[in-house]
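Structure file query_10.txt (compact mmCIF, C-alpha atoms) follows.
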```
# COMPACT_ATOMS: atom_id res chain seq x y z
CA VAL A 13 49.79 -52.42 -42.08
CA PRO A 14 50.48 -49.45 -44.39
CA PRO A 15 52.83 -50.11 -47.33
CA PRO A 16 55.87 -47.84 -47.75
CA GLY A 17 54.12 -45.80 -50.42
CA ALA A 18 50.98 -45.14 -48.38
CA LEU A 19 51.76 -41.68 -47.03
CA GLU A 20 48.38 -40.08 -47.67
CA GLY A 21 47.11 -38.28 -44.62
CA THR A 22 50.51 -37.84 -43.01
CA PHE A 23 51.68 -34.39 -41.98
CA ARG A 24 53.18 -32.50 -44.89
CA ILE A 25 56.46 -30.82 -44.02
CA PRO A 26 57.23 -27.74 -46.15
CA ARG A 27 60.49 -28.28 -47.94
CA GLY A 28 62.60 -25.32 -46.95
CA SER A 29 66.09 -24.01 -46.56
CA CYS A 30 66.65 -24.49 -42.84
CA ASN A 31 70.20 -24.09 -41.65
CA ASN A 32 72.14 -27.30 -42.04
CA MET A 33 74.20 -27.26 -38.89
CA THR A 34 76.43 -30.05 -40.10
CA ASP A 35 77.74 -28.22 -43.16
CA ARG A 36 81.47 -27.87 -43.02
CA PRO A 37 82.76 -24.40 -43.92
CA THR A 38 85.06 -24.12 -46.89
CA THR A 39 88.62 -23.56 -45.72
CA LEU A 40 90.98 -21.69 -48.03
CA SER A 41 94.67 -22.43 -47.77
CA PRO A 42 96.47 -19.19 -46.80
CA ASP A 43 99.38 -17.82 -48.76
CA THR A 44 102.54 -18.68 -46.90
CA PRO A 45 105.41 -16.89 -48.65
CA HIS A 46 107.57 -17.13 -45.56
CA GLY A 47 107.32 -20.89 -45.24
CA ALA A 48 104.73 -23.41 -44.11
CA PRO A 49 102.56 -22.49 -41.11
CA PRO A 50 103.15 -24.30 -37.83
CA SER A 51 101.30 -27.58 -37.33
CA PRO A 52 97.91 -27.12 -35.66
CA PRO A 53 97.53 -28.58 -32.17
CA VAL A 54 96.02 -31.93 -31.31
CA ARG A 55 92.38 -31.48 -30.31
CA ARG A 56 91.38 -32.97 -26.97
CA VAL A 57 88.11 -34.90 -26.67
CA GLY A 58 85.83 -35.30 -23.66
CA LEU A 59 83.48 -38.32 -23.73
CA LEU A 60 80.17 -38.15 -21.90
CA GLY A 61 79.15 -41.73 -21.22
CA SER A 62 80.60 -45.04 -20.14
CA GLY A 63 78.84 -47.66 -22.26
CA PRO A 64 79.72 -49.72 -25.33
CA LEU A 65 79.48 -46.75 -27.70
CA CYS A 66 82.24 -44.90 -25.82
CA ALA A 67 84.36 -48.05 -25.90
CA GLU A 68 83.94 -48.22 -29.68
CA ILE A 69 84.92 -44.56 -30.07
CA ILE A 70 88.08 -45.08 -28.01
CA ASP A 71 88.96 -48.24 -29.94
CA LEU A 72 88.44 -46.41 -33.24
CA LEU A 73 90.65 -43.46 -32.34
CA SER A 74 93.29 -45.68 -30.74
CA GLY A 75 93.43 -47.98 -33.75
CA LEU A 76 93.87 -45.31 -36.41
CA ASP A 77 97.31 -44.69 -37.85
CA ALA A 78 98.64 -41.32 -36.61
CA ASP A 79 99.25 -40.01 -40.15
CA ARG A 80 95.79 -41.05 -41.31
CA LEU A 81 94.19 -39.42 -38.27
CA ALA A 82 96.17 -36.22 -38.81
CA SER A 83 95.09 -36.15 -42.46
CA ALA A 84 91.43 -36.59 -41.49
CA CYS A 85 91.65 -33.76 -38.94
CA ALA A 86 93.53 -31.29 -41.17
CA PRO A 87 93.62 -28.35 -41.45
CA ARG A 88 92.11 -27.48 -38.10
CA SER A 89 94.13 -29.91 -35.98
CA SER A 90 96.86 -32.48 -36.28
CA GLY A 91 94.96 -35.22 -34.49
CA LEU A 92 92.59 -36.17 -31.68
CA ALA A 93 93.28 -37.39 -28.15
CA ILE A 94 90.84 -38.60 -25.49
CA ALA A 95 91.38 -36.22 -22.57
CA ALA A 96 88.50 -37.11 -20.27
CA VAL A 97 85.74 -39.67 -19.81
CA CYS A 98 82.79 -38.83 -17.60
CA VAL A 99 81.14 -41.70 -15.71
CA ASN A 100 77.91 -40.66 -14.04
CA ARG A 101 75.35 -43.39 -13.43
CA ASP A 102 72.17 -42.09 -11.81
CA GLY A 103 74.04 -39.17 -10.31
CA VAL A 104 76.87 -41.22 -8.81
CA GLY A 105 80.34 -41.93 -10.12
CA GLY A 106 81.91 -45.22 -11.05
CA THR A 107 84.39 -46.77 -13.40
CA PRO A 108 83.92 -47.15 -17.15
CA ASP A 109 83.28 -50.57 -18.66
CA PHE A 110 86.38 -50.28 -20.81
CA GLU A 111 90.06 -49.41 -20.61
CA VAL A 112 90.79 -45.70 -20.95
CA PRO A 113 93.85 -44.40 -22.83
CA GLU A 114 96.97 -43.42 -20.95
CA GLY A 115 96.76 -39.85 -19.69
CA CYS A 116 92.97 -39.78 -19.86
CA ARG A 117 91.28 -38.72 -16.65
CA ILE A 118 88.01 -40.12 -15.33
CA CYS A 119 85.53 -37.69 -13.79
CA THR A 120 82.11 -38.14 -12.23
CA SER A 121 80.41 -34.87 -13.18
CA TYR A 122 79.50 -33.77 -16.67
CA ASP A 123 80.18 -30.18 -15.60
CA HIS A 124 83.83 -31.11 -15.06
CA VAL A 125 84.13 -31.89 -18.75
CA LEU A 126 82.15 -28.84 -19.89
CA GLU A 127 84.24 -26.50 -17.71
CA ASP A 128 87.61 -28.06 -18.56
CA PRO A 129 89.57 -25.55 -20.69
CA GLU A 130 91.69 -28.38 -22.10
CA VAL A 131 88.67 -30.12 -23.68
CA ASP A 132 88.00 -28.86 -27.21
CA VAL A 133 85.38 -31.37 -28.41
CA VAL A 134 82.58 -33.05 -26.47
CA VAL A 135 81.18 -36.36 -27.70
CA GLU A 136 77.71 -36.85 -26.18
CA ALA A 137 77.02 -40.58 -25.91
CA THR A 138 74.71 -40.74 -22.89
CA GLY A 139 71.41 -40.28 -24.74
CA SER A 140 70.64 -37.15 -22.70
CA SER A 141 70.43 -34.35 -25.24
CA ASN A 142 70.52 -31.68 -22.51
CA TYR A 143 74.30 -31.89 -22.48
CA VAL A 144 74.51 -31.14 -26.20
CA VAL A 145 73.12 -27.64 -25.69
CA ALA A 146 75.11 -27.10 -22.47
CA SER A 147 78.34 -28.10 -24.23
CA LEU A 148 77.70 -25.68 -27.10
CA ARG A 149 76.98 -22.87 -24.66
CA ALA A 150 80.29 -23.69 -22.98
CA GLY A 151 82.01 -23.08 -26.31
CA LYS A 152 82.84 -26.71 -27.05
CA ASP A 153 82.48 -28.30 -30.45
CA VAL A 154 80.00 -31.16 -30.14
CA VAL A 155 79.44 -34.53 -31.80
CA ALA A 156 76.03 -36.00 -30.97
CA ALA A 157 76.15 -39.78 -31.09
CA MET A 158 72.53 -40.60 -30.12
CA PRO A 159 69.16 -40.04 -31.85
CA SER A 160 67.84 -38.21 -28.77
CA VAL A 161 69.53 -35.04 -30.05
CA ALA A 162 66.65 -34.68 -32.52
CA SER A 163 64.45 -33.40 -29.70
CA ARG A 164 66.87 -30.51 -29.13
CA LEU A 165 67.63 -29.29 -32.63
CA THR A 166 65.71 -26.03 -32.13
CA GLN A 167 67.59 -25.31 -28.90
CA VAL A 168 70.87 -26.16 -30.62
CA GLU A 169 70.18 -23.61 -33.37
CA ARG A 170 69.25 -20.97 -30.77
CA ALA A 171 72.44 -21.60 -28.82
CA LEU A 172 74.59 -21.28 -31.95
CA SER A 173 72.75 -18.12 -33.01
CA THR A 174 73.16 -16.55 -29.54
CA LEU A 175 76.89 -17.22 -29.51
CA GLY A 176 77.18 -15.60 -32.93
CA ARG A 177 75.31 -12.47 -31.79
CA GLU A 178 77.60 -12.24 -28.76
CA GLY A 179 80.60 -12.12 -31.06
CA ARG A 180 81.89 -15.50 -29.93
CA ARG A 181 83.07 -18.14 -32.36
CA PRO A 182 80.09 -20.47 -32.84
CA PRO A 183 81.23 -24.00 -32.09
CA GLU A 184 80.73 -26.77 -34.63
CA PHE A 185 77.88 -29.22 -34.21
CA ARG A 186 78.04 -32.63 -35.89
CA TYR A 187 76.03 -35.85 -35.91
CA GLY A 188 77.63 -39.23 -35.48
CA ALA A 189 76.27 -42.31 -37.24
CA GLY A 190 74.57 -43.29 -33.97
CA ALA A 191 72.29 -40.28 -34.32
CA CYS A 192 70.83 -41.94 -37.41
CA GLY A 193 70.16 -45.25 -35.73
CA GLY A 194 73.65 -46.50 -36.49
CA ALA A 195 73.29 -46.03 -40.25
CA PRO A 196 76.41 -44.36 -41.71
CA ILE A 197 74.27 -42.03 -43.80
CA VAL A 198 75.29 -38.61 -42.47
CA ARG A 199 78.44 -38.12 -44.54
CA GLN A 200 76.79 -39.55 -47.66
CA LEU A 201 73.89 -37.11 -47.47
CA LEU A 202 76.25 -34.19 -46.87
CA ASP A 203 78.91 -35.08 -49.43
CA ALA A 204 77.86 -37.68 -51.99
CA TYR A 205 74.41 -36.15 -52.56
CA ARG A 206 75.43 -32.49 -52.22
CA ALA A 207 75.04 -31.87 -55.97
CA ASP A 208 71.93 -34.04 -56.33
CA ASP A 209 68.27 -33.78 -55.36
CA VAL A 210 67.19 -36.47 -52.91
CA THR A 211 63.57 -37.44 -53.51
CA GLU A 212 63.09 -40.34 -51.11
CA VAL A 213 64.76 -41.97 -48.11
CA THR A 214 63.53 -45.27 -46.67
CA GLY A 215 65.23 -47.37 -44.05
CA VAL A 216 65.19 -49.72 -41.09
CA VAL A 217 66.36 -47.21 -38.50
CA ASP A 218 65.05 -48.69 -35.25
CA PRO A 219 67.03 -51.85 -34.39
CA ALA A 220 64.92 -52.60 -31.30
CA ALA A 221 61.62 -52.65 -33.24
CA ALA A 222 63.31 -54.64 -36.01
CA ARG A 223 64.42 -57.30 -33.50
CA ILE A 224 60.85 -57.68 -32.24
CA LEU A 225 59.29 -58.16 -35.68
CA ARG A 226 62.15 -60.40 -36.83
CA ALA A 227 61.53 -62.68 -33.84
CA MET A 228 57.82 -62.82 -34.65
CA ALA A 229 58.58 -63.62 -38.30
CA HIS A 230 60.88 -66.50 -37.37
CA ASP A 231 58.64 -68.00 -34.68
CA ALA A 232 54.96 -68.16 -35.59
CA GLY A 233 54.07 -68.93 -31.99
CA LEU A 234 55.37 -65.66 -30.55
CA SER A 235 53.06 -62.80 -29.71
CA HIS A 236 54.35 -59.23 -29.84
CA GLU A 237 54.74 -59.05 -26.06
CA GLU A 238 56.63 -62.35 -25.97
CA ALA A 239 58.91 -61.21 -28.79
CA ARG A 240 59.57 -57.90 -27.04
CA GLU A 241 60.58 -59.69 -23.83
CA ALA A 242 62.69 -62.24 -25.72
CA THR A 243 64.63 -59.53 -27.57
CA ARG A 244 65.10 -57.13 -24.67
CA ARG A 245 68.80 -56.39 -24.42
CA ASP A 246 68.73 -56.49 -20.61
CA PRO A 247 66.28 -59.22 -19.53
CA GLU A 248 66.44 -58.04 -15.89
CA ASP A 249 65.41 -54.52 -16.75
CA GLY A 250 61.77 -54.30 -15.79
CA GLU A 251 61.43 -50.53 -16.09
CA GLU A 252 58.85 -49.09 -18.45
CA GLU A 253 60.34 -48.47 -21.86
CA ALA A 254 60.07 -45.15 -23.66
CA GLU A 255 57.57 -44.77 -26.46
CA GLU A 256 58.64 -47.20 -29.15
CA THR A 257 58.47 -44.80 -32.08
CA LEU A 258 60.54 -42.06 -30.40
CA THR A 259 63.88 -43.42 -31.61
CA ALA A 260 62.61 -43.94 -35.15
CA ARG A 261 61.01 -40.48 -35.34
CA SER A 262 64.13 -38.85 -33.87
CA THR A 263 66.31 -40.59 -36.43
CA LEU A 264 63.99 -39.70 -39.31
CA ARG A 265 63.85 -36.06 -38.22
CA ILE A 266 67.62 -35.82 -38.60
CA VAL A 267 67.51 -37.61 -41.96
CA VAL A 268 64.77 -35.23 -43.21
CA ARG A 269 66.89 -32.24 -42.24
CA LEU A 270 70.00 -33.61 -43.95
CA ALA A 271 68.30 -34.94 -47.09
CA PHE A 272 65.68 -32.28 -47.79
CA GLY A 273 66.64 -29.21 -45.75
CA ALA A 274 63.25 -29.39 -44.04
CA ASP A 275 62.79 -28.95 -40.31
CA ALA A 276 60.16 -31.29 -38.88
CA ARG A 277 59.04 -31.49 -35.29
CA LEU A 278 58.79 -34.98 -33.85
CA GLY A 279 55.03 -34.59 -33.71
CA ASP A 280 54.96 -33.79 -37.43
CA ILE A 281 56.07 -37.31 -38.34
CA ALA A 282 53.19 -39.77 -38.63
CA ALA A 283 53.92 -42.89 -36.59
CA SER A 284 52.51 -46.24 -35.56
CA ASP A 285 54.34 -48.68 -33.32
CA THR A 286 54.63 -52.43 -33.74
CA SER A 287 52.39 -53.39 -30.82
CA GLU A 288 49.35 -53.95 -33.06
CA VAL A 289 51.19 -56.33 -35.40
CA THR A 290 49.99 -59.91 -34.96
CA GLN A 291 50.89 -63.31 -36.40
CA HIS A 292 47.87 -62.96 -38.71
CA ASP A 293 49.66 -59.99 -40.34
CA PHE A 294 52.77 -62.09 -40.92
CA GLU A 295 50.63 -64.89 -42.34
CA TYR A 296 49.08 -62.53 -44.90
CA ALA A 297 52.49 -61.00 -45.65
CA ARG A 298 53.94 -64.43 -46.42
CA MET A 299 51.00 -65.15 -48.73
CA LEU A 300 51.88 -61.95 -50.62
CA GLY A 301 55.56 -62.93 -50.86
CA GLY A 302 57.00 -60.65 -48.24
CA THR A 303 57.29 -59.78 -44.57
CA ILE A 304 56.64 -56.91 -42.16
CA VAL A 305 59.47 -54.53 -41.34
CA PRO A 306 59.56 -51.37 -39.19
CA VAL A 307 60.61 -48.59 -41.55
CA GLY A 308 61.12 -44.87 -41.57
CA ARG A 309 60.28 -43.14 -44.83
CA ALA A 310 60.39 -39.57 -46.07
CA ALA A 311 59.59 -38.59 -49.66
CA VAL A 312 58.93 -35.51 -51.77
CA ASP A 313 55.52 -35.45 -53.40
CA SER A 314 54.45 -33.79 -56.66
CA THR A 315 53.84 -30.46 -54.90
CA GLY A 316 57.36 -30.30 -53.47
CA GLN A 317 56.23 -31.11 -49.94
CA VAL A 318 57.93 -33.74 -47.78
CA ALA A 319 55.82 -36.44 -46.14
CA ALA A 320 57.28 -38.58 -43.35
CA TYR A 321 56.16 -41.80 -41.67
CA VAL A 322 57.60 -44.39 -39.27
CA GLY A 323 56.05 -47.75 -38.46
CA PRO A 324 55.55 -51.32 -39.69
CA ALA A 325 55.16 -51.84 -43.42
CA PHE A 326 54.86 -54.72 -45.89
CA ILE A 327 58.16 -55.30 -47.71
CA ALA A 328 58.65 -57.80 -50.55
CA ALA A 329 60.96 -60.67 -49.60
CA HIS A 330 63.48 -59.84 -52.35
CA ASP A 331 63.86 -56.25 -51.14
CA ARG A 332 67.08 -55.39 -49.32
CA LEU A 333 65.10 -53.91 -46.42
CA ALA A 334 63.49 -57.30 -45.81
CA GLN A 335 66.90 -58.97 -45.63
CA THR A 336 68.35 -56.77 -42.90
CA GLY A 337 70.03 -59.04 -40.38
CA ALA A 338 70.17 -58.94 -36.59
CA GLY A 339 71.74 -55.76 -35.30
CA GLU A 340 71.81 -54.20 -38.77
CA VAL A 341 70.30 -51.00 -40.06
CA CYS A 342 69.70 -50.25 -43.71
CA VAL A 343 68.88 -47.01 -45.54
CA GLU A 344 67.88 -46.66 -49.19
CA VAL A 345 68.29 -43.25 -50.85
CA VAL A 346 66.66 -42.22 -54.15
CA ALA A 347 68.01 -39.15 -55.91
CA ALA A 348 67.13 -37.43 -59.17
CA ARG A 349 70.48 -38.07 -60.88
CA ALA A 350 72.14 -40.88 -58.93
CA GLY A 351 69.01 -43.04 -58.83
CA THR A 352 68.65 -45.59 -56.01
```
Spit out the file's structure as structure tokens when you get a sec.
Amino acid sequence: VPPPGALEGTFRIPRGSCNNMTDRPTTLSPDTPHGAPPSPPVRRVGLLGSGPLCAEIIDLLSGLDADRLASACAPRSSGLAIAAVCVNRDGVGGTPDFEVPEGCRICTSYDHVLEDPEVDVVVEATGSSNYVVASLRAGKDVVAAMPSVASRLTQVERALSTLGREGRRPPEFRYGAGACGGAPIVRQLLDAYRADDVTEVTGVVDPAAARILRAMAHDAGLSHEEAREATRRDPEDGEEEAEETLTARSTLRIVVRLAFGADARLGDIAASDTSEVTQHDFEYARMLGGTIVPVGRAAVDSTGQVAAYVGPAFIAAHDRLAQTGAGEVCVEVVAARAGT
């Protein structure tokens, strides 16, 4: 099991100045000698998805004080309202698993949301990154809430560039915390570390893999396969799961872009899944005073290159990463001036 510092032999990603699509443009307040400008309109949101994440988004927006929401949305709008929720399970419609706000319509085709002139912002929460690019091409601002968007970053940049060449206003593209495995690290990397140089990011960014290894650590009789079955969110789901490291690599790709301005392909990130971890590994880890945790790590080396790795690693028991609880994600950032 490679320790967090063992990055030798991983693909080296040139640290560059790739376009950071999440940068917010500076807005200058206009001179208004003839009085204050009229209040901007409320922006209308279309949700793609019908699962728990959409329910949380609706609860969040519904629970915010109107003045606080208006302040957060200024100066471009005076608030947000859920206009449409698309429910499309395996190509057929249905009803969402949550209560929709009054005045919100339910549709069964994603195209209905993309073609709706009243929808200003699309929140993609299905895990299908195809709709991110389609929404941008339709002129909608987009918030990607799932790590799967990492596989489409190149297409996203092309779509934004094409719209600019056509003389159309390029829509805004943002990441939600869900795109970083649920870790609320996006705003911190964009704002808190804007004037600093990030040198290393390490975190538990794959909750599913973390659940498996946590179960093995707590029950010495569990094999990896038994732990995977025991921690499966839907025990009746017998379908083949996607490659385990895909979520972690997708998350780390976004983090690398935000933290270092480097564009890495998913294949550039060295990875090993947890399937080869055995109880013997946990036994040795305990002897060394630690445990095994699935981490994602990206760091700048002495030559200014960025190396990235996802997979199981030995973590000392006193380390915060080793103490991540069930359902939690944890990210540690090291910067030149702010420290850890």
Test item: residues at most 9 Å from range 304-317 of chain A, only C-alpha atoms, excluding those fewer than 4 positions along its chain, as a PDB file with C-alpha atoms, keeping the file's coordinate frame:
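The result, written out as out27.pdb:
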```pdb
ATOM      1  CA  VAL A  13      49.790 -52.420 -42.080  1.00  0.00           C
ATOM      2  CA  PRO A  16      55.870 -47.840 -47.750  1.00  0.00           C
ATOM      3  CA  GLY A  17      54.120 -45.800 -50.420  1.00  0.00           C
ATOM      4  CA  LEU A  19      51.760 -41.680 -47.030  1.00  0.00           C
ATOM      5  CA  ARG A  24      53.180 -32.500 -44.890  1.00  0.00           C
ATOM      6  CA  ILE A  25      56.460 -30.820 -44.020  1.00  0.00           C
ATOM      7  CA  PRO A  26      57.230 -27.740 -46.150  1.00  0.00           C
ATOM      8  CA  ARG A  27      60.490 -28.280 -47.940  1.00  0.00           C
ATOM      9  CA  VAL A 210      67.190 -36.470 -52.910  1.00  0.00           C
ATOM     10  CA  THR A 211      63.570 -37.440 -53.510  1.00  0.00           C
ATOM     11  CA  GLU A 212      63.090 -40.340 -51.110  1.00  0.00           C
ATOM     12  CA  VAL A 213      64.760 -41.970 -48.110  1.00  0.00           C
ATOM     13  CA  THR A 214      63.530 -45.270 -46.670  1.00  0.00           C
ATOM     14  CA  GLY A 215      65.230 -47.370 -44.050  1.00  0.00           C
ATOM     15  CA  VAL A 216      65.190 -49.720 -41.090  1.00  0.00           C
ATOM     16  CA  VAL A 217      66.360 -47.210 -38.500  1.00  0.00           C
ATOM     17  CA  ASP A 218      65.050 -48.690 -35.250  1.00  0.00           C
ATOM     18  CA  PRO A 219      67.030 -51.850 -34.390  1.00  0.00           C
ATOM     19  CA  ALA A 221      61.620 -52.650 -33.240  1.00  0.00           C
ATOM     20  CA  ALA A 222      63.310 -54.640 -36.010  1.00  0.00           C
ATOM     21  CA  LEU A 225      59.290 -58.160 -35.680  1.00  0.00           C
ATOM     22  CA  ARG A 226      62.150 -60.400 -36.830  1.00  0.00           C
ATOM     23  CA  ALA A 229      58.580 -63.620 -38.300  1.00  0.00           C
ATOM     24  CA  ALA A 260      62.610 -43.940 -35.150  1.00  0.00           C
ATOM     25  CA  ARG A 261      61.010 -40.480 -35.340  1.00  0.00           C
ATOM     26  CA  THR A 263      66.310 -40.590 -36.430  1.00  0.00           C
ATOM     27  CA  LEU A 264      63.990 -39.700 -39.310  1.00  0.00           C
ATOM     28  CA  VAL A 267      67.510 -37.610 -41.960  1.00  0.00           C
ATOM     29  CA  VAL A 268      64.770 -35.230 -43.210  1.00  0.00           C
ATOM     30  CA  PHE A 272      65.680 -32.280 -47.790  1.00  0.00           C
ATOM     31  CA  ALA A 283      53.920 -42.890 -36.590  1.00  0.00           C
ATOM     32  CA  ASP A 285      54.340 -48.680 -33.320  1.00  0.00           C
ATOM     33  CA  THR A 286      54.630 -52.430 -33.740  1.00  0.00           C
ATOM     34  CA  VAL A 289      51.190 -56.330 -35.400  1.00  0.00           C
ATOM     35  CA  ASP A 293      49.660 -59.990 -40.340  1.00  0.00           C
ATOM     36  CA  PHE A 294      52.770 -62.090 -40.920  1.00  0.00           C
ATOM     37  CA  ALA A 297      52.490 -61.000 -45.650  1.00  0.00           C
ATOM     38  CA  TYR A 321      56.160 -41.800 -41.670  1.00  0.00           C
ATOM     39  CA  VAL A 322      57.600 -44.390 -39.270  1.00  0.00           C
ATOM     40  CA  GLY A 323      56.050 -47.750 -38.460  1.00  0.00           C
ATOM     41  CA  PRO A 324      55.550 -51.320 -39.690  1.00  0.00           C
ATOM     42  CA  ALA A 325      55.160 -51.840 -43.420  1.00  0.00           C
ATOM     43  CA  PHE A 326      54.860 -54.720 -45.890  1.00  0.00           C
ATOM     44  CA  ILE A 327      58.160 -55.300 -47.710  1.00  0.00           C
ATOM     45  CA  ALA A 328      58.650 -57.800 -50.550  1.00  0.00           C
ATOM     46  CA  LEU A 333      65.100 -53.910 -46.420  1.00  0.00           C
ATOM     47  CA  ALA A 334      63.490 -57.300 -45.810  1.00  0.00           C
ATOM     48  CA  VAL A 343      68.880 -47.010 -45.540  1.00  0.00           C
TER      49      VAL A 343
END
```
One-decimal distance in Å that lies between CA of Ser284 in chain A and CA of Ala227 in chain A: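 Going from CA of Ala227 in chain A over to CA of Ser284 in chain A covers 18.8 Å.
Computed from the coordinates, the CA of Pro159 in chain A to CA of Ile70 in chain A distance equals 20.0 Å.
Pairwise distance (CA of Val99 in chain A, CA of Glu184 in chain A) equals 24.1 Å.
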N, CA and C atoms modelled onto range 315-334 of chain A, as a PDB file, in the coordinates of the input:
```pdb
ATOM      1  N   THR A 315      53.962 -31.894 -55.205  1.00  0.00           N
ATOM      2  CA  THR A 315      53.840 -30.460 -54.900  1.00  0.00           C
ATOM      3  C   THR A 315      55.109 -29.904 -54.262  1.00  0.00           C
ATOM      4  N   GLY A 316      56.116 -30.760 -54.078  1.00  0.00           N
ATOM      5  CA  GLY A 316      57.360 -30.300 -53.470  1.00  0.00           C
ATOM      6  C   GLY A 316      57.353 -30.358 -51.963  1.00  0.00           C
ATOM      7  N   GLN A 317      56.307 -30.951 -51.386  1.00  0.00           N
ATOM      8  CA  GLN A 317      56.230 -31.110 -49.940  1.00  0.00           C
ATOM      9  C   GLN A 317      56.887 -32.436 -49.541  1.00  0.00           C
ATOM     10  N   VAL A 318      57.329 -32.517 -48.295  1.00  0.00           N
ATOM     11  CA  VAL A 318      57.930 -33.740 -47.780  1.00  0.00           C
ATOM     12  C   VAL A 318      56.968 -34.402 -46.809  1.00  0.00           C
ATOM     13  N   ALA A 319      56.672 -35.673 -47.034  1.00  0.00           N
ATOM     14  CA  ALA A 319      55.820 -36.440 -46.140  1.00  0.00           C
ATOM     15  C   ALA A 319      56.684 -37.476 -45.419  1.00  0.00           C
ATOM     16  N   ALA A 320      56.432 -37.666 -44.126  1.00  0.00           N
ATOM     17  CA  ALA A 320      57.280 -38.580 -43.350  1.00  0.00           C
ATOM     18  C   ALA A 320      56.428 -39.518 -42.517  1.00  0.00           C
ATOM     19  N   TYR A 321      56.900 -40.763 -42.385  1.00  0.00           N
ATOM     20  CA  TYR A 321      56.160 -41.800 -41.670  1.00  0.00           C
ATOM     21  C   TYR A 321      57.136 -42.792 -41.066  1.00  0.00           C
ATOM     22  N   VAL A 322      56.858 -43.272 -39.852  1.00  0.00           N
ATOM     23  CA  VAL A 322      57.600 -44.390 -39.270  1.00  0.00           C
ATOM     24  C   VAL A 322      56.596 -45.412 -38.762  1.00  0.00           C
ATOM     25  N   GLY A 323      56.932 -46.698 -38.931  1.00  0.00           N
ATOM     26  CA  GLY A 323      56.050 -47.750 -38.460  1.00  0.00           C
ATOM     27  C   GLY A 323      56.209 -49.011 -39.282  1.00  0.00           C
ATOM     28  N   PRO A 324      55.456 -50.052 -38.956  1.00  0.00           N
ATOM     29  CA  PRO A 324      55.550 -51.320 -39.690  1.00  0.00           C
ATOM     30  C   PRO A 324      54.983 -51.190 -41.097  1.00  0.00           C
ATOM     31  N   ALA A 325      55.603 -51.889 -42.028  1.00  0.00           N
ATOM     32  CA  ALA A 325      55.160 -51.840 -43.420  1.00  0.00           C
ATOM     33  C   ALA A 325      55.432 -53.179 -44.079  1.00  0.00           C
ATOM     34  N   PHE A 326      54.625 -53.509 -45.089  1.00  0.00           N
ATOM     35  CA  PHE A 326      54.860 -54.720 -45.890  1.00  0.00           C
ATOM     36  C   PHE A 326      56.026 -54.464 -46.830  1.00  0.00           C
ATOM     37  N   ILE A 327      57.007 -55.391 -46.827  1.00  0.00           N
ATOM     38  CA  ILE A 327      58.160 -55.300 -47.710  1.00  0.00           C
ATOM     39  C   ILE A 327      58.307 -56.627 -48.447  1.00  0.00           C
ATOM     40  N   ALA A 328      58.469 -56.578 -49.768  1.00  0.00           N
ATOM     41  CA  ALA A 328      58.650 -57.800 -50.550  1.00  0.00           C
ATOM     42  C   ALA A 328      59.910 -58.532 -50.096  1.00  0.00           C
ATOM     43  N   ALA A 329      59.870 -59.859 -50.142  1.00  0.00           N
ATOM     44  CA  ALA A 329      60.960 -60.670 -49.600  1.00  0.00           C
ATOM     45  C   ALA A 329      62.286 -60.422 -50.318  1.00  0.00           C
ATOM     46  N   HIS A 330      62.244 -60.050 -51.602  1.00  0.00           N
ATOM     47  CA  HIS A 330      63.480 -59.840 -52.350  1.00  0.00           C
ATOM     48  C   HIS A 330      64.097 -58.474 -52.086  1.00  0.00           C
ATOM     49  N   ASP A 331      63.371 -57.595 -51.401  1.00  0.00           N
ATOM     50  CA  ASP A 331      63.860 -56.250 -51.140  1.00  0.00           C
ATOM     51  C   ASP A 331      64.968 -56.290 -50.093  1.00  0.00           C
ATOM     52  N   ARG A 332      65.957 -55.424 -50.265  1.00  0.00           N
ATOM     53  CA  ARG A 332      67.080 -55.390 -49.320  1.00  0.00           C
ATOM     54  C   ARG A 332      66.615 -55.071 -47.903  1.00  0.00           C
ATOM     55  N   LEU A 333      65.594 -54.266 -47.756  1.00  0.00           N
ATOM     56  CA  LEU A 333      65.100 -53.910 -46.420  1.00  0.00           C
ATOM     57  C   LEU A 333      64.558 -55.128 -45.685  1.00  0.00           C
ATOM     58  N   ALA A 334      64.030 -56.089 -46.442  1.00  0.00           N
ATOM     59  CA  ALA A 334      63.490 -57.300 -45.810  1.00  0.00           C
ATOM     60  C   ALA A 334      64.584 -58.259 -45.408  1.00  0.00           C
TER      61      ALA A 334
END
```
